[in-house]
$ cat work_2.cif   # mmCIF, C-alpha atoms
data_my_file
#
loop_
_atom_site.group_PDB
_atom_site.id
_atom_site.type_symbol
_atom_site.label_atom_id
_atom_site.label_comp_id
_atom_site.auth_asym_id
_atom_site.auth_seq_id
_atom_site.Cartn_x
_atom_site.Cartn_y
_atom_site.Cartn_z
ATOM 1 C CA MET H 78 -1.924 30.479 -7.534
ATOM 2 C CA SER H 79 -1.016 30.828 -3.851
ATOM 3 C CA VAL H 80 -2.243 29.316 -0.619
ATOM 4 C CA LYS H 81 -4.167 32.529 0.027
ATOM 5 C CA ASP H 82 -6.607 31.826 -2.825
ATOM 6 C CA GLY H 83 -8.593 29.564 -0.525
ATOM 7 C CA MET H 84 -7.735 26.293 -2.254
ATOM 8 C CA ARG H 85 -6.663 23.335 -0.159
ATOM 9 C CA ARG H 86 -3.719 21.591 -1.813
ATOM 10 C CA PHE H 87 -2.847 17.922 -1.509
ATOM 11 C CA GLY H 88 -0.796 15.462 -3.506
ATOM 12 C CA VAL H 89 1.095 12.202 -3.689
ATOM 13 C CA ILE H 90 4.854 12.220 -3.183
ATOM 14 C CA GLY H 91 7.334 9.535 -4.175
ATOM 15 C CA SER H 92 9.779 8.283 -6.772
ATOM 16 C CA PRO H 93 8.940 7.041 -9.325
ATOM 17 C CA ILE H 94 5.507 8.653 -9.274
ATOM 18 C CA GLN H 95 4.357 9.140 -12.860
ATOM 19 C CA HIS H 96 2.077 6.104 -12.937
ATOM 20 C CA SER H 97 0.424 6.652 -9.547
ATOM 21 C CA LEU H 98 -3.355 6.280 -9.544
ATOM 22 C CA SER H 99 -3.732 8.444 -6.445
ATOM 23 C CA PRO H 100 -4.419 11.718 -8.312
ATOM 24 C CA LEU H 101 -7.162 10.017 -10.333
ATOM 25 C CA LEU H 102 -8.724 8.481 -7.218
ATOM 26 C CA HIS H 103 -8.683 11.646 -5.117
ATOM 27 C CA ARG H 104 -9.863 13.916 -7.933
ATOM 28 C CA THR H 105 -12.704 11.497 -8.663
ATOM 29 C CA ALA H 106 -13.700 11.659 -5.013
ATOM 30 C CA TYR H 107 -13.639 15.454 -5.093
ATOM 31 C CA ARG H 108 -15.850 15.486 -8.182
ATOM 32 C CA GLU H 109 -18.317 12.936 -6.788
ATOM 33 C CA LEU H 110 -18.553 14.744 -3.458
ATOM 34 C CA GLY H 111 -18.822 18.218 -4.967
ATOM 35 C CA ILE H 112 -15.575 19.431 -3.397
ATOM 36 C CA GLU H 113 -14.387 22.423 -5.430
ATOM 37 C CA ASP H 114 -11.862 24.014 -3.086
ATOM 38 C CA ALA H 115 -9.258 21.219 -3.126
ATOM 39 C CA THR H 116 -6.624 20.081 -5.608
ATOM 40 C CA TYR H 117 -4.483 16.947 -5.747
ATOM 41 C CA GLU H 118 -1.254 16.618 -7.758
ATOM 42 C CA ARG H 119 1.699 14.236 -8.059
ATOM 43 C CA PHE H 120 5.256 15.177 -7.103
ATOM 44 C CA GLU H 121 8.487 13.377 -7.940
ATOM 45 C CA VAL H 122 10.635 13.558 -4.802
ATOM 46 C CA PRO H 123 13.688 11.286 -4.440
ATOM 47 C CA ALA H 124 14.909 9.637 -1.255
ATOM 48 C CA GLY H 125 16.229 12.042 1.354
ATOM 49 C CA GLU H 126 14.409 15.093 -0.023
ATOM 50 C CA LEU H 127 10.958 14.905 1.586
ATOM 51 C CA ALA H 128 11.594 17.347 4.441
ATOM 52 C CA ARG H 129 13.201 19.893 2.124
ATOM 53 C CA PHE H 130 10.373 19.551 -0.409
ATOM 54 C CA LEU H 131 7.656 20.121 2.198
ATOM 55 C CA THR H 132 9.352 22.991 4.014
ATOM 56 C CA GLU H 133 11.316 24.815 1.310
ATOM 57 C CA GLY H 134 10.112 23.539 -2.047
ATOM 58 C CA PRO H 135 6.740 23.440 -3.848
ATOM 59 C CA GLY H 136 5.402 21.167 -1.116
ATOM 60 C CA ARG H 137 5.338 24.045 1.361
ATOM 61 C CA GLU H 138 1.888 24.950 -0.031
ATOM 62 C CA LEU H 139 0.466 21.467 0.575
ATOM 63 C CA SER H 140 -1.992 20.949 3.409
ATOM 64 C CA GLY H 141 -1.296 17.236 3.318
ATOM 65 C CA ALA H 142 0.094 14.479 1.153
ATOM 66 C CA SER H 143 0.020 10.784 0.435
ATOM 67 C CA ILE H 144 3.525 9.331 0.743
ATOM 68 C CA THR H 145 4.706 6.379 -1.285
ATOM 69 C CA MET H 146 8.156 4.846 -1.636
ATOM 70 C CA PRO H 147 10.843 5.797 -0.836
ATOM 71 C CA GLY H 148 9.557 8.382 1.654
ATOM 72 C CA LYS H 149 7.576 6.451 4.263
ATOM 73 C CA ALA H 150 10.294 6.380 6.918
ATOM 74 C CA GLU H 151 11.134 10.030 6.170
ATOM 75 C CA ALA H 152 7.489 10.983 6.627
ATOM 76 C CA PHE H 153 7.487 9.389 10.065
ATOM 77 C CA ALA H 154 10.729 11.095 11.076
ATOM 78 C CA LEU H 155 9.538 14.495 9.830
ATOM 79 C CA ALA H 156 6.410 14.546 11.985
ATOM 80 C CA THR H 157 6.023 15.726 15.558
ATOM 81 C CA THR H 158 2.823 13.734 16.142
ATOM 82 C CA HIS H 159 1.765 10.321 14.855
ATOM 83 C CA ASP H 160 -1.297 8.134 14.784
ATOM 84 C CA ASP H 161 -1.103 4.839 16.673
ATOM 85 C CA THR H 162 -0.302 2.747 13.596
ATOM 86 C CA ALA H 163 2.514 4.988 12.416
ATOM 87 C CA ALA H 164 3.979 5.045 15.930
ATOM 88 C CA ARG H 165 3.750 1.256 16.075
ATOM 89 C CA LEU H 166 5.623 0.721 12.781
ATOM 90 C CA GLY H 167 7.840 3.769 12.379
ATOM 91 C CA ILE H 168 6.577 4.420 8.839
ATOM 92 C CA ALA H 169 3.786 6.582 7.457
ATOM 93 C CA ASN H 170 1.968 6.997 4.150
ATOM 94 C CA THR H 171 0.190 10.258 4.986
ATOM 95 C CA VAL H 172 1.367 13.604 6.311
ATOM 96 C CA LEU H 173 -0.864 16.469 7.428
ATOM 97 C CA ARG H 174 0.356 20.002 8.037
ATOM 98 C CA GLY H 175 -0.748 21.416 11.370
ATOM 99 C CA PRO H 176 -1.782 25.030 12.050
ATOM 100 C CA ASN H 177 1.613 25.757 13.619
ATOM 101 C CA GLY H 178 3.529 24.424 10.617
ATOM 102 C CA GLY H 179 4.391 21.069 12.164
ATOM 103 C CA PHE H 180 3.407 17.738 10.662
ATOM 104 C CA ARG H 181 1.308 14.780 11.744
ATOM 105 C CA ALA H 182 2.148 11.385 10.245
ATOM 106 C CA GLU H 183 -0.421 8.636 9.770
ATOM 107 C CA ASN H 184 -0.202 5.088 8.451
ATOM 108 C CA HIS H 185 -3.204 3.919 6.425
ATOM 109 C CA ASP H 186 -1.364 1.090 4.659
ATOM 110 C CA VAL H 187 -2.300 -1.323 7.426
ATOM 111 C CA HIS H 188 -5.969 -0.402 7.195
ATOM 112 C CA GLY H 189 -5.816 -0.647 3.394
ATOM 113 C CA ILE H 190 -4.493 -4.201 3.560
ATOM 114 C CA SER H 191 -6.782 -5.454 6.318
ATOM 115 C CA ALA H 192 -9.880 -3.841 4.765
ATOM 116 C CA ALA H 193 -9.064 -5.358 1.364
ATOM 117 C CA LEU H 194 -8.596 -8.799 2.914
ATOM 118 C CA ARG H 195 -11.830 -8.504 4.897
ATOM 119 C CA ALA H 196 -13.717 -7.476 1.773
ATOM 120 C CA GLY H 197 -12.258 -10.550 0.079
ATOM 121 C CA GLY H 198 -13.608 -12.805 2.812
ATOM 122 C CA ALA H 199 -10.749 -13.052 5.317
ATOM 123 C CA SER H 200 -12.621 -12.091 8.466
ATOM 124 C CA ARG H 201 -10.138 -13.836 10.771
ATOM 125 C CA VAL H 202 -6.658 -15.238 10.248
ATOM 126 C CA SER H 203 -4.786 -17.754 12.391
ATOM 127 C CA VAL H 204 -1.673 -18.203 10.254
ATOM 128 C CA GLY H 205 -0.634 -15.334 7.990
ATOM 129 C CA GLY H 206 2.014 -15.289 5.282
ATOM 130 C CA VAL H 207 4.088 -12.390 3.954
ATOM 131 C CA LEU H 208 6.339 -12.369 0.901
ATOM 132 C CA GLY H 209 8.821 -9.498 0.836
ATOM 133 C CA SER H 210 10.753 -7.403 3.323
ATOM 134 C CA GLY H 211 10.128 -3.693 2.660
ATOM 135 C CA ALA H 212 7.832 -1.115 4.231
ATOM 136 C CA THR H 213 4.738 -2.683 2.660
ATOM 137 C CA ALA H 214 5.713 -6.088 4.052
ATOM 138 C CA LEU H 215 5.887 -4.529 7.525
ATOM 139 C CA SER H 216 2.405 -3.065 7.095
ATOM 140 C CA ALA H 217 1.177 -6.412 5.752
ATOM 141 C CA ALA H 218 2.435 -8.176 8.854
ATOM 142 C CA ALA H 219 0.673 -5.624 11.070
ATOM 143 C CA ALA H 220 -2.571 -6.086 9.130
ATOM 144 C CA LEU H 221 -2.432 -9.873 9.489
ATOM 145 C CA LEU H 222 -1.756 -9.522 13.202
ATOM 146 C CA ASP H 223 -4.753 -7.191 13.474
ATOM 147 C CA LEU H 224 -6.833 -9.878 11.771
ATOM 148 C CA GLY H 225 -5.885 -12.274 14.554
ATOM 149 C CA ALA H 226 -2.806 -14.051 13.237
ATOM 150 C CA GLU H 227 -1.042 -16.001 15.951
ATOM 151 C CA CYS H 228 1.706 -17.090 13.586
ATOM 152 C CA LEU H 229 3.433 -15.298 10.712
ATOM 153 C CA GLN H 230 5.281 -17.149 7.971
ATOM 154 C CA LEU H 231 7.808 -14.869 6.291
ATOM 155 C CA SER H 232 10.012 -15.232 3.245
ATOM 156 C CA ALA H 233 12.216 -12.704 1.471
ATOM 157 C CA ARG H 234 15.131 -12.696 -0.922
ATOM 158 C CA SER H 235 17.048 -10.678 1.717
ATOM 159 C CA PRO H 236 15.990 -12.258 5.034
ATOM 160 C CA GLU H 237 18.243 -9.924 7.026
ATOM 161 C CA LYS H 238 15.744 -7.165 6.182
ATOM 162 C CA LEU H 239 12.977 -8.968 8.084
ATOM 163 C CA THR H 240 14.168 -7.947 11.544
ATOM 164 C CA ARG H 241 11.516 -5.223 11.953
ATOM 165 C CA VAL H 242 8.766 -7.605 10.854
ATOM 166 C CA GLN H 243 10.011 -10.241 13.304
ATOM 167 C CA ALA H 244 10.150 -7.720 16.138
ATOM 168 C CA LEU H 245 6.607 -6.547 15.383
ATOM 169 C CA ALA H 246 5.261 -10.091 15.492
ATOM 170 C CA GLN H 247 7.140 -10.922 18.670
ATOM 171 C CA GLN H 248 5.828 -7.790 20.377
ATOM 172 C CA ALA H 249 2.329 -9.029 19.538
ATOM 173 C CA GLY H 250 3.111 -12.449 21.018
ATOM 174 C CA ALA H 251 2.892 -14.173 17.637
ATOM 175 C CA GLU H 252 5.086 -17.038 16.487
ATOM 176 C CA VAL H 253 7.431 -16.284 13.573
ATOM 177 C CA ARG H 254 8.503 -18.836 10.993
ATOM 178 C CA LEU H 255 11.254 -17.717 8.638
ATOM 179 C CA ILE H 256 11.008 -19.584 5.332
ATOM 180 C CA PRO H 257 14.155 -19.718 3.157
ATOM 181 C CA TRP H 258 13.692 -18.000 -0.214
ATOM 182 C CA GLU H 259 14.304 -21.253 -2.076
ATOM 183 C CA ARG H 260 11.283 -22.710 -0.221
ATOM 184 C CA SER H 261 9.191 -19.555 -0.388
ATOM 185 C CA SER H 262 6.127 -21.457 -1.609
ATOM 186 C CA ASP H 263 5.818 -22.865 1.945
ATOM 187 C CA VAL H 264 4.476 -19.424 2.936
ATOM 188 C CA LEU H 265 1.361 -20.286 0.935
ATOM 189 C CA ALA H 266 0.409 -22.844 3.584
ATOM 190 C CA SER H 267 -1.288 -19.988 5.458
ATOM 191 C CA ASP H 268 -4.877 -18.861 5.932
ATOM 192 C CA ALA H 269 -4.130 -15.573 4.175
ATOM 193 C CA VAL H 270 -1.054 -14.373 2.308
ATOM 194 C CA VAL H 271 0.117 -10.913 1.285
ATOM 195 C CA SER H 272 2.637 -10.587 -1.515
ATOM 196 C CA ALA H 273 4.519 -7.328 -1.030
ATOM 197 C CA LEU H 274 6.930 -8.121 -3.847
ATOM 198 C CA ALA H 275 7.800 -5.836 -6.729
ATOM 199 C CA HIS H 276 7.144 -7.170 -10.212
ATOM 200 C CA PRO H 277 10.596 -8.751 -10.840
ATOM 201 C CA GLY H 278 10.489 -10.798 -7.630
ATOM 202 C CA ALA H 279 6.883 -11.820 -8.202
ATOM 203 C CA GLU H 280 7.626 -12.876 -11.759
ATOM 204 C CA PHE H 281 10.610 -14.950 -10.597
ATOM 205 C CA LEU H 282 8.531 -16.785 -7.986
ATOM 206 C CA ALA H 283 5.626 -17.352 -10.363
ATOM 207 C CA THR H 284 7.985 -18.952 -12.886
ATOM 208 C CA THR H 285 9.640 -21.062 -10.194
ATOM 209 C CA TRP H 286 6.404 -22.193 -8.569
ATOM 210 C CA SER H 287 4.772 -23.061 -11.895
ATOM 211 C CA ARG H 288 7.366 -25.808 -12.310
ATOM 212 C CA SER H 289 6.403 -27.454 -9.025
ATOM 213 C CA GLU H 290 3.508 -29.836 -8.472
ATOM 214 C CA ASP H 291 3.209 -29.382 -4.713
ATOM 215 C CA VAL H 292 2.685 -25.632 -4.265
ATOM 216 C CA PRO H 293 0.130 -25.002 -1.474
ATOM 217 C CA VAL H 294 -2.917 -22.872 -2.242
ATOM 218 C CA PRO H 295 -4.051 -20.407 0.446
ATOM 219 C CA SER H 296 -7.698 -19.469 0.821
ATOM 220 C CA ILE H 297 -6.951 -15.858 -0.060
ATOM 221 C CA MET H 298 -4.006 -13.779 -1.227
ATOM 222 C CA LEU H 299 -3.637 -10.036 -1.533
ATOM 223 C CA ASP H 300 -1.125 -9.058 -4.200
ATOM 224 C CA VAL H 301 -0.065 -5.429 -3.725
ATOM 225 C CA LEU H 302 0.595 -5.203 -7.470
ATOM 226 C CA TYR H 303 -2.239 -4.062 -9.706
ATOM 227 C CA GLU H 304 -0.641 -2.965 -12.971
ATOM 228 C CA PRO H 305 -0.626 -4.895 -15.201
ATOM 229 C CA TRP H 306 -3.311 -7.204 -13.849
ATOM 230 C CA PRO H 307 -3.422 -10.061 -13.177
ATOM 231 C CA ALA H 308 0.029 -9.872 -11.610
ATOM 232 C CA PRO H 309 2.266 -12.947 -11.986
ATOM 233 C CA LEU H 310 1.553 -14.575 -8.614
ATOM 234 C CA ALA H 311 -2.111 -13.577 -8.719
ATOM 235 C CA ALA H 312 -2.563 -15.264 -12.092
ATOM 236 C CA LEU H 313 -0.836 -18.454 -10.990
ATOM 237 C CA LEU H 314 -2.739 -18.851 -7.717
ATOM 238 C CA GLU H 315 -6.105 -17.851 -9.142
ATOM 239 C CA GLU H 316 -5.783 -20.707 -11.625
ATOM 240 C CA GLN H 317 -5.375 -23.024 -8.618
ATOM 241 C CA GLY H 318 -8.578 -21.813 -6.984
ATOM 242 C CA CYS H 319 -7.207 -19.168 -4.624
ATOM 243 C CA ARG H 320 -9.281 -16.043 -3.998
ATOM 244 C CA VAL H 321 -7.033 -13.216 -5.172
ATOM 245 C CA VAL H 322 -7.383 -9.567 -4.171
ATOM 246 C CA SER H 323 -5.735 -6.862 -6.266
ATOM 247 C CA GLY H 324 -3.539 -4.172 -4.779
ATOM 248 C CA LEU H 325 -6.022 -1.704 -6.232
ATOM 249 C CA GLU H 326 -8.385 -2.601 -3.385
ATOM 250 C CA MET H 327 -5.669 -1.789 -0.880
ATOM 251 C CA LEU H 328 -5.114 1.552 -2.629
ATOM 252 C CA LEU H 329 -8.829 2.370 -2.555
ATOM 253 C CA HIS H 330 -9.145 1.730 1.179
ATOM 254 C CA GLN H 331 -5.996 3.777 1.829
ATOM 255 C CA ALA H 332 -7.491 6.643 -0.138
ATOM 256 C CA ASP H 333 -10.695 6.388 1.880
ATOM 257 C CA MET H 334 -8.814 6.926 5.132
ATOM 258 C CA GLN H 335 -6.710 9.708 3.613
ATOM 259 C CA LEU H 336 -9.832 11.563 2.509
ATOM 260 C CA ARG H 337 -11.220 11.234 6.010
ATOM 261 C CA SER H 338 -7.998 12.662 7.462
ATOM 262 C CA MET H 339 -7.454 15.368 4.858
ATOM 263 C CA LEU H 340 -11.015 16.581 4.270
ATOM 264 C CA GLY H 341 -13.147 14.842 6.880
ATOM 265 C CA VAL H 342 -15.234 12.905 4.346
ATOM 266 C CA PRO H 343 -15.567 9.192 3.457
ATOM 267 C CA ALA H 344 -14.545 8.144 -0.044
ATOM 268 C CA PRO H 345 -17.070 7.181 -2.752
ATOM 269 C CA LEU H 346 -15.327 3.854 -3.353
ATOM 270 C CA GLY H 347 -17.613 2.633 -6.148
ATOM 271 C CA PRO H 348 -16.979 5.488 -8.603
ATOM 272 C CA MET H 349 -13.303 5.566 -7.646
ATOM 273 C CA ARG H 350 -12.947 1.860 -8.408
ATOM 274 C CA GLN H 351 -14.688 2.270 -11.762
ATOM 275 C CA VAL H 352 -12.439 5.074 -12.986
ATOM 276 C CA ALA H 353 -9.324 3.271 -11.758
ATOM 277 C CA LEU H 354 -10.245 0.079 -13.604
ATOM 278 C CA ALA H 355 -10.988 2.075 -16.739
ATOM 279 C CA GLU H 356 -7.620 3.796 -16.523
ATOM 280 C CA LEU H 357 -5.791 0.500 -16.029
ATOM 281 C CA ALA H 358 -7.624 -0.971 -19.005
ATOM 282 C CA ARG H 359 -6.634 2.055 -21.080
ATOM 283 C CA ARG H 360 -2.993 1.652 -20.114
ATOM 284 C CA SER H 361 -2.902 -2.098 -20.764
ATOM 285 C CA PRO H 362 -5.993 -3.190 -22.726
ATOM 286 C CA CYS H 363 -4.753 -6.740 -23.197
ATOM 287 C CA THR H 364 -4.265 -7.536 -19.511
ATOM 288 C CA ALA H 365 -6.230 -5.186 -17.239
ATOM 289 C CA LYS H 366 -9.640 -6.281 -15.967
#
$ encode --input "work_2.cif" --output "structure tokens"
Amino acid sequence: MSVKDGMRRFGVIGSPIQHSLSPLLHRTAYRELGIEDATYERFEVPAGELARFLTEGPGRELSGASITMPGKAEAFALATTHDDTAARLGIANTVLRGPNGGFRAENHDVHGISAALRAGGASRVSVGGVLGSGATALSAAAALLDLGAECLQLSARSPEKLTRVQALAQQAGAEVRLIPWERSSDVLASDAVVSALAHPGAEFLATTWSRSEDVPVPSIMLDVLYEPWPAPLAALLEEQGCRVVSGLEMLLHQADMQLRSMLGVPAPLGPMRQVALAELARRSPCTAK
């Protein structure tokens, strides 16, 4: 089937990609909205190969794509135009092919995080906390700043990787407090916290913190993990009375903005959430909720 058949082709690109929920979410939206001329697939593309994939490989037939790790910086560099958020951070999670063959890069991670936190009750933040140092941590910092944070508390196993997050906060006029990894629980003394840790790091901290009697409890925490759920830190803090937001909510709000950019339509979040939860329960019936 070629581009000339009238179908609009989209997909999610990253590595590893086999467990991504994005195809399920976007296809559910297409079905709910009656969109029959669009498809959405997943593509395994390793680091350093995004440009080649989109210009010479199977991706040359895509009208746009969601970009996950490790391609977010590559997506930004590939594009000739950028939305304000992508330009601000230098990373993107969405690329759109223009009529002249060039690409536009957009960042909807920041919106996904801030929208998920707002839906969880965090309408305004004074002190924000971020655990982690990768691309998602950078977007988390931007989201907390957009929610009004005047101070960011940061902690990462590799603090030297926090320079971009520090620079972002300083450009916004916000105070930065670097918390040593061995005292990472101090980050929890924030109005809202985002854990951008992968499962091994989250599991390590959850085990470490569970042995302490003086771990602070924030009002709300967004854990970017969602499979299996509850994630290690989410489970620990929820037991202590913290409002915990799953990374699935972040993913849903990202998808909403991607649908608006790709097809010009808002996402039917309710049905998308239902099918995603059902799929997570199917994958891990003992832990998913």
$ resolve_selection --input "work_2.cif" --expression "the PyMOL selection byres ((chain H and resi 87) around 12)" --output "ChimeraX atom specification"
/H:80,84-86,88-90,99-100,103-104,107,114-120,131,135-144,171-174,335-336,338-340
$ closest_residue --input "work_2.cif" --among "H:Ala214, H:Val207, H:Leu302, H:Leu314" --to "H:Arg241" --atoms "all atoms listed in the file"
H:Ala214
$ closest_residue --input "work_2.cif" --among "H:Ala233, H:Leu166, H:Leu98, H:Ala269" --to "H:Ala246" --atoms "only C-alpha atoms"
H:Leu166
$ resolve_selection --input "work_2.cif" --expression "the PyMOL selection byres ((chain H and resi 282) around 12)" --output "number ranges by chain"
H: 208-209, 232-234, 258-265, 272, 274-281, 283-289, 292, 308-314
$ resolve_selection --input "work_2.cif" --expression "the PyMOL selection byres ((chain H and resi 102) around 10)" --output "NGL selection string"
:H and (97-101 or 103-107 or 117 or 328-329 or 332-333 or 344-346 or 348-353)
$ residues_near_point --input "work_2.cif" --point "(-1.5, -3.1, -12.4)" --cutoff "10 Å" --atoms "only C-alpha atoms" --output "VMD selection string"
chain H and resid 96 98 276 301 to 308 323 to 325 354 357 to 358 360 to 361 364 to 366
$ closest_residue --input "work_2.cif" --among "H:Thr213, H:Gly167, H:Ala196, H:Pro123" --to "H:Pro147" --atoms "all atoms listed in the file"
H:Pro123
$ atom_distance --input "work_2.cif" --atom1 "atom CA of H:Leu224" --atom2 "atom CA of H:Leu239"
20.2 Å
$ residues_around --input "work_2.cif" --residues "stretch 182-192 of chain H" --least-positions-apart "4" --cutoff "7 Å" --atoms "all atoms listed in the file" --output "JSON, numbers by chain"
{"H": [152, 153, 156, 158, 159, 160, 162, 163, 168, 169, 170, 171, 172, 173, 196, 216, 217, 219, 220, 221, 327, 328, 330, 331, 334]}
$ build_atoms --input "work_2.cif" --residues "stretch 183-201 of chain H" --atoms "N, CA, C and O atoms" --output "CSV table (one decimal), in the frame of the given file"
chain,number,residue,atom,x,y,z
H,183,GLU,N,0.5,9.7,9.6
H,183,GLU,CA,-0.4,8.6,9.8
H,183,GLU,C,-0.1,7.5,8.8
H,183,GLU,O,0.5,7.7,7.8
H,184,ASN,N,-0.4,6.3,9.3
H,184,ASN,CA,-0.2,5.1,8.5
H,184,ASN,C,-1.6,4.5,8.1
H,184,ASN,O,-2.2,4.0,9.0
H,185,HIS,N,-2.0,4.5,6.9
H,185,HIS,CA,-3.2,3.9,6.4
H,185,HIS,C,-3.0,2.7,5.5
H,185,HIS,O,-3.9,2.1,5.0
H,186,ASP,N,-1.7,2.3,5.4
H,186,ASP,CA,-1.4,1.1,4.7
H,186,ASP,C,-1.9,-0.1,5.4
H,186,ASP,O,-2.5,-1.0,4.7
H,187,VAL,N,-1.8,-0.2,6.7
H,187,VAL,CA,-2.3,-1.3,7.4
H,187,VAL,C,-3.8,-1.5,7.3
H,187,VAL,O,-4.3,-2.6,7.0
H,188,HIS,N,-4.5,-0.4,7.4
H,188,HIS,CA,-6.0,-0.4,7.2
H,188,HIS,C,-6.3,-0.8,5.8
H,188,HIS,O,-7.2,-1.6,5.5
H,189,GLY,N,-5.6,-0.3,4.8
H,189,GLY,CA,-5.8,-0.6,3.4
H,189,GLY,C,-5.7,-2.1,3.2
H,189,GLY,O,-6.5,-2.7,2.5
H,190,ILE,N,-4.7,-2.8,3.7
H,190,ILE,CA,-4.5,-4.2,3.6
H,190,ILE,C,-5.6,-5.0,4.3
H,190,ILE,O,-6.2,-5.9,3.7
H,191,SER,N,-5.8,-4.7,5.6
H,191,SER,CA,-6.8,-5.5,6.3
H,191,SER,C,-8.2,-5.3,5.8
H,191,SER,O,-9.0,-6.2,5.7
H,192,ALA,N,-8.5,-4.1,5.3
H,192,ALA,CA,-9.9,-3.8,4.8
H,192,ALA,C,-10.1,-4.6,3.5
H,192,ALA,O,-11.1,-5.2,3.2
H,193,ALA,N,-9.0,-4.6,2.6
H,193,ALA,CA,-9.1,-5.4,1.4
H,193,ALA,C,-9.2,-6.9,1.6
H,193,ALA,O,-10.0,-7.5,0.9
H,194,LEU,N,-8.5,-7.4,2.6
H,194,LEU,CA,-8.6,-8.8,2.9
H,194,LEU,C,-10.0,-9.1,3.5
H,194,LEU,O,-10.6,-10.2,3.1
H,195,ARG,N,-10.5,-8.3,4.3
H,195,ARG,CA,-11.8,-8.5,4.9
H,195,ARG,C,-12.9,-8.5,3.8
H,195,ARG,O,-13.8,-9.4,3.8
H,196,ALA,N,-12.8,-7.5,2.9
H,196,ALA,CA,-13.7,-7.5,1.8
H,196,ALA,C,-13.6,-8.7,0.9
H,196,ALA,O,-14.6,-9.1,0.3
H,197,GLY,N,-12.4,-9.3,0.9
H,197,GLY,CA,-12.3,-10.6,0.1
H,197,GLY,C,-12.7,-11.8,0.8
H,197,GLY,O,-12.7,-12.9,0.2
H,198,GLY,N,-13.1,-11.7,2.1
H,198,GLY,CA,-13.6,-12.8,2.8
H,198,GLY,C,-12.8,-13.3,4.0
H,198,GLY,O,-13.1,-14.2,4.7
H,199,ALA,N,-11.6,-12.6,4.2
H,199,ALA,CA,-10.7,-13.1,5.3
H,199,ALA,C,-11.1,-12.3,6.6
H,199,ALA,O,-10.5,-11.3,7.0
H,200,SER,N,-12.2,-12.8,7.3
H,200,SER,CA,-12.6,-12.1,8.5
H,200,SER,C,-11.7,-12.3,9.7
H,200,SER,O,-11.6,-11.5,10.5
H,201,ARG,N,-11.1,-13.5,9.7
H,201,ARG,CA,-10.1,-13.8,10.8
H,201,ARG,C,-9.0,-14.7,10.2
H,201,ARG,O,-9.3,-15.6,9.4
